[in-house]
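S.K.: Before I ask anything, here is the structure I am working with.
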Amino acid sequence: MRIISTKDANVLSISLEGELDHHSAKGAISQIANIIEIELPLNVTLNLKGLSFMDSSGIALVLHTWRRLNDFSAKLKIENVPTQGYKVLNAAGIPRLIPTTRLH
Amino acid sequence: MCTNEMTMTFLSKSANEGFARYTVASFASQLDPTLDELNDIKTIVSEAVTNCIVHAYPDSVGKIYIKAKLFQNNTIEISVRDKGCGIPDIDRAREPMFTTGDSERSGMGFTIMESFSDKMRVKSNSKGTTVTVIKRISMRVGGRSLV
Ligand SMILES: Nc1ncnc2c1ncn2[C@@H]1O[C@H](COP(=O)(O)OP(=O)(O)OP(=O)(O)O)[C@@H](O)[C@H]1O
Ligand SMILES: [Mg+2]
């Protein structure tokens, strides 16, 4: 699992690459929390284009990040979710809670 | 009629989650599943194995047993068993969002296993838990190139 963040004028973009499961989630959650702590962004985009697998650990990661951002009224978007990961997020109703787009 | 069967046993270490889902998916590929069906199988196995690691053996390392069977009607049955603490109230555990875990769990594992398969059975007592899922793989006339 690789996490890459880039920041432009008002959006912090965090890209996740590889497989997100219980084994990799702990590290990913704390890495993302660290990035947010340092940048204190107002808008965050989670780009999941490079995510080749995700299970329910990904739901917790998304909710964790969303709650943290809510604490200081920052906004979260999830972009480029591959089919497999979208099915998992959808089972938990995430797209109704957080703007989510699929990978085409 | 069962046409093929495999069993695997491994330790409840999180590094084995990927190994387990790829091994079962690789065995299932004999039924010529679509990519989506294969992904469903990987997701189901990942959920069941994670539950053994996180919930069944919370403070120890135990063994996880997987048995997969292929049937003539293009169905796969996957059982994931542990000898861990067991589930006191199975109906409650199967409800969406129910979790006894920390904030790194969402309580969606059983919901996902159930909706990604055709049937899910959970048996549990104080000696351990067995989750069995059955998934039907679509029959594709002429093989994958026609679909
Ligand atoms: N193998 C098991 N042994 C003991 N308890 C289990 C086992 N599997 C599940 N449970 C219990 O059932 C609950 C629900 O499981 P489920 O997989 O649906 O959610 P979760 O594991 O808590 O969260 P998530 O799967 O979303 O990360 C767990 O919190 C746990 O209490
Ligand atoms: Mg679970």
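Scheme for the structure tokens: letters A, B, ... for chains in order shown; per-chain residue numbers from 1; ligand numbers from 1 in order shown.
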Considering only C-alpha atoms, extract the chain A residues located within 7 Å of chain B and return them as a CSV table (one decimal) with C-alpha atoms, in the first residue's frame.
M.R.:
chain,number,residue,atom,x,y,z
A,22,HIS,CA,-6.9,-5.1,7.6
A,23,HIS,CA,-3.1,-5.8,7.2
A,55,ASP,CA,-12.4,-4.8,1.9
A,56,SER,CA,-14.4,-3.4,4.9
A,57,SER,CA,-11.2,-2.0,6.3
A,59,ILE,CA,-15.0,1.6,5.0
A,60,ALA,CA,-13.4,2.3,8.4
A,84,GLN,CA,-14.6,-3.9,-6.6
A,91,ALA,CA,-22.7,-1.9,0.8
A,92,ALA,CA,-22.0,0.5,3.6
S.K.: Might you pull out every residue within 6 Å of segment 134-141 of chain B, with only C-alpha atoms counted and same-chain residues fewer than 6 positions away left off, and present them as a PyMOL selection string?
M.R.: chain B and resi 33+74-77+117-119
S.K.: Restrict the selected residues to C-alpha atoms and save them as a PDB file, in the first residue's frame.
M.R.:
ATOM      1  CA  PRO B  33     -15.547 -16.873 -13.232  1.00  0.00           C
ATOM      2  CA  ASN B  74     -20.686 -24.319 -11.246  1.00  0.00           C
ATOM      3  CA  THR B  75     -20.935 -23.465  -7.579  1.00  0.00           C
ATOM      4  CA  ILE B  76     -18.182 -22.909  -5.046  1.00  0.00           C
ATOM      5  CA  GLU B  77     -18.587 -23.482  -1.330  1.00  0.00           C
ATOM      6  CA  SER B 117     -22.534 -14.550  -2.145  1.00  0.00           C
ATOM      7  CA  ASP B 118     -25.718 -16.549  -2.745  1.00  0.00           C
ATOM      8  CA  LYS B 119     -25.916 -18.031   0.720  1.00  0.00           C
TER       9      LYS B 119
END
S.K.: Which polymer residues have any atom within 7 Å of an atom of segment 24-36 of chain A, counting only C-alpha atoms, with same-chain residues fewer than 5 positions away left out, as a VMD selection string?
M.R.: chain A and resid 1 41 57 61
S.K.: Can I get the selection written as a PDB file, in the first residue's frame, with all heavy atoms?
M.R.:
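Writing done, so here's part-v6.pdb:
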ATOM      1  N   MET A   1       0.836  -1.202   0.000  1.00  0.00           N
ATOM      2  CA  MET A   1       0.000   0.000   0.000  1.00  0.00           C
ATOM      3  C   MET A   1       0.871   1.252   0.000  1.00  0.00           C
ATOM      4  O   MET A   1       1.716   1.419   0.854  1.00  0.00           O
ATOM      5  CB  MET A   1      -0.880  -0.037   1.257  1.00  0.00           C
ATOM      6  CG  MET A   1      -1.538   1.243   1.623  1.00  0.00           C
ATOM      7  SD  MET A   1      -3.300   1.182   1.369  1.00  0.00           S
ATOM      8  CE  MET A   1      -3.380   1.664  -0.334  1.00  0.00           C
ATOM      9  N   PRO A  41      -6.198  20.862   5.715  1.00  0.00           N
ATOM     10  CA  PRO A  41      -6.823  21.303   4.458  1.00  0.00           C
ATOM     11  C   PRO A  41      -8.306  21.605   4.649  1.00  0.00           C
ATOM     12  O   PRO A  41      -8.921  21.143   5.604  1.00  0.00           O
ATOM     13  CB  PRO A  41      -6.660  20.075   3.561  1.00  0.00           C
ATOM     14  CG  PRO A  41      -6.707  18.920   4.532  1.00  0.00           C
ATOM     15  CD  PRO A  41      -6.077  19.400   5.796  1.00  0.00           C
ATOM     16  N   SER A  57     -12.161  -2.906   5.673  1.00  0.00           N
ATOM     17  CA  SER A  57     -11.181  -2.029   6.324  1.00  0.00           C
ATOM     18  C   SER A  57     -11.164  -0.658   5.653  1.00  0.00           C
ATOM     19  O   SER A  57     -10.880   0.355   6.307  1.00  0.00           O
ATOM     20  CB  SER A  57      -9.783  -2.650   6.262  1.00  0.00           C
ATOM     21  OG  SER A  57      -9.805  -3.959   6.772  1.00  0.00           O
ATOM     22  N   LEU A  61     -11.524   3.238   7.081  1.00  0.00           N
ATOM     23  CA  LEU A  61     -10.546   4.277   6.732  1.00  0.00           C
ATOM     24  C   LEU A  61     -11.255   5.540   6.239  1.00  0.00           C
ATOM     25  O   LEU A  61     -10.935   6.658   6.662  1.00  0.00           O
ATOM     26  CB  LEU A  61      -9.579   3.747   5.658  1.00  0.00           C
ATOM     27  CG  LEU A  61      -8.542   4.738   5.125  1.00  0.00           C
ATOM     28  CD1 LEU A  61      -7.199   4.044   4.905  1.00  0.00           C
ATOM     29  CD2 LEU A  61      -8.978   5.410   3.838  1.00  0.00           C
TER      30      LEU A  61
END
S.K.: So that I can check the surroundings of Phe27 of chain B, please list as a ChimeraX atom specification every protein, DNA and RNA residue that reaches within 9 Å of it, counting only C-alpha atoms and ignoring chain neighbours fewer than 6 positions away.
M.R.: /B:5-6,68,70
S.K.: Let me see the file: selected residues, C-alpha atoms, as an mmCIF file, in the first residue's frame.
M.R.:
data_model
loop_
_atom_site.group_PDB
_atom_site.id
_atom_site.type_symbol
_atom_site.label_atom_id
_atom_site.label_comp_id
_atom_site.auth_asym_id
_atom_site.auth_seq_id
_atom_site.Cartn_x
_atom_site.Cartn_y
_atom_site.Cartn_z
ATOM 1 C CA GLU B 5 -11.827 -29.782 -3.120
ATOM 2 C CA MET B 6 -8.938 -28.078 -1.342
ATOM 3 C CA ALA B 68 -13.220 -24.863 -0.675
ATOM 4 C CA LEU B 70 -16.315 -26.935 -6.417
#
S.K.: Would you mind telling me which residue in B:His55, B:Lys69, B:Arg92, B:Lys123 lies nearest to ligand 1 when using only C-alpha atoms and all ligand atoms?
M.R.: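 Among B:His55, B:Lys69, B:Arg92, B:Lys123, it is B:His55 that comes nearest to ligand 1.
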S.K.: Between B:Ala28, B:Ala93, B:Cys2, B:Val80, which one has atoms that come closest to ligand 2, using only C-alpha atoms and all ligand atoms?
M.R.: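 Using only C-alpha atoms and all ligand atoms, the shortest distance to ligand 2 belongs to B:Ala93.
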S.K.: Can you check which residues of chain A DSSP gives as helix (DSSP H, G or I) on the backbone and send them as a PyMOL selection string?
M.R.: chain A and resi 22-39+56-71+83-91+94-97
S.K.: Enumerate, as a ChimeraX atom specification, the complete set of residues in chain A that a backbone-based DSSP assignment places in strand (DSSP E).
M.R.: /A:2-7,12-20,43-54,75-81,100-102
S.K.: Rounded to one decimal, what separation in Å do you get between atom CA of Lys49 of chain A and atom CA of Phe98 of chain B?
M.R.: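 Computing the Euclidean distance for atom CA of Lys49 of chain A and atom CA of Phe98 of chain B yields 29.3 Å.
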S.K.: Smallest atom-to-atom distance to ligand 2: which of B:Asn4, B:Thr9, B:Thr34, B:Thr100, using only C-alpha atoms and all ligand atoms?
M.R.: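 Among the listed residues, B:Thr100 lies closest to ligand 2.
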S.K.: Excluding Arg2 of chain A and its own-chain neighbours fewer than 4 positions away, which residues fall within 9 Å of it when counting only C-alpha atoms? Please give them as a list in words.
M.R.: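 In the requested form, the answer reads Ser15, Leu16, Glu17, Gly18, Glu19 and Ala28 of chain A.
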S.K.: How would the residues just chosen look if you wrote them out with N, CA, C and O atoms as a PDB file, in the first residue's frame?
M.R.:
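Output file out-v3.pdb is given in full below:
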ATOM      1  N   SER A  15      -3.694   9.982  -2.740  1.00  0.00           N
ATOM      2  CA  SER A  15      -3.890   8.807  -3.595  1.00  0.00           C
ATOM      3  C   SER A  15      -3.457   7.548  -2.868  1.00  0.00           C
ATOM      4  O   SER A  15      -2.391   7.502  -2.254  1.00  0.00           O
ATOM      5  N   LEU A  16      -4.304   6.524  -2.971  1.00  0.00           N
ATOM      6  CA  LEU A  16      -3.982   5.227  -2.369  1.00  0.00           C
ATOM      7  C   LEU A  16      -3.691   4.231  -3.482  1.00  0.00           C
ATOM      8  O   LEU A  16      -4.482   4.113  -4.426  1.00  0.00           O
ATOM      9  N   GLU A  17      -2.578   3.519  -3.359  1.00  0.00           N
ATOM     10  CA  GLU A  17      -2.211   2.539  -4.381  1.00  0.00           C
ATOM     11  C   GLU A  17      -1.915   1.197  -3.732  1.00  0.00           C
ATOM     12  O   GLU A  17      -1.238   1.145  -2.711  1.00  0.00           O
ATOM     13  N   GLY A  18      -2.443   0.136  -4.345  1.00  0.00           N
ATOM     14  CA  GLY A  18      -2.168  -1.210  -3.841  1.00  0.00           C
ATOM     15  C   GLY A  18      -3.406  -1.840  -3.238  1.00  0.00           C
ATOM     16  O   GLY A  18      -4.514  -1.590  -3.686  1.00  0.00           O
ATOM     17  N   GLU A  19      -3.225  -2.644  -2.190  1.00  0.00           N
ATOM     18  CA  GLU A  19      -4.330  -3.393  -1.600  1.00  0.00           C
ATOM     19  C   GLU A  19      -4.612  -2.878  -0.197  1.00  0.00           C
ATOM     20  O   GLU A  19      -3.713  -2.784   0.626  1.00  0.00           O
ATOM     21  N   ALA A  28      -2.176   2.864   6.958  1.00  0.00           N
ATOM     22  CA  ALA A  28      -2.772   3.847   6.039  1.00  0.00           C
ATOM     23  C   ALA A  28      -3.582   4.884   6.807  1.00  0.00           C
ATOM     24  O   ALA A  28      -3.484   6.084   6.534  1.00  0.00           O
TER      25      ALA A  28
END
S.K.: Measuring atom to atom with only C-alpha atoms and all ligand atoms, identify which of B:Arg21, B:Ser79, B:Arg94, B:Leu31 is nearest to ligand 2.
M.R.: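 Smallest distance to ligand 2 is found for B:Arg94.
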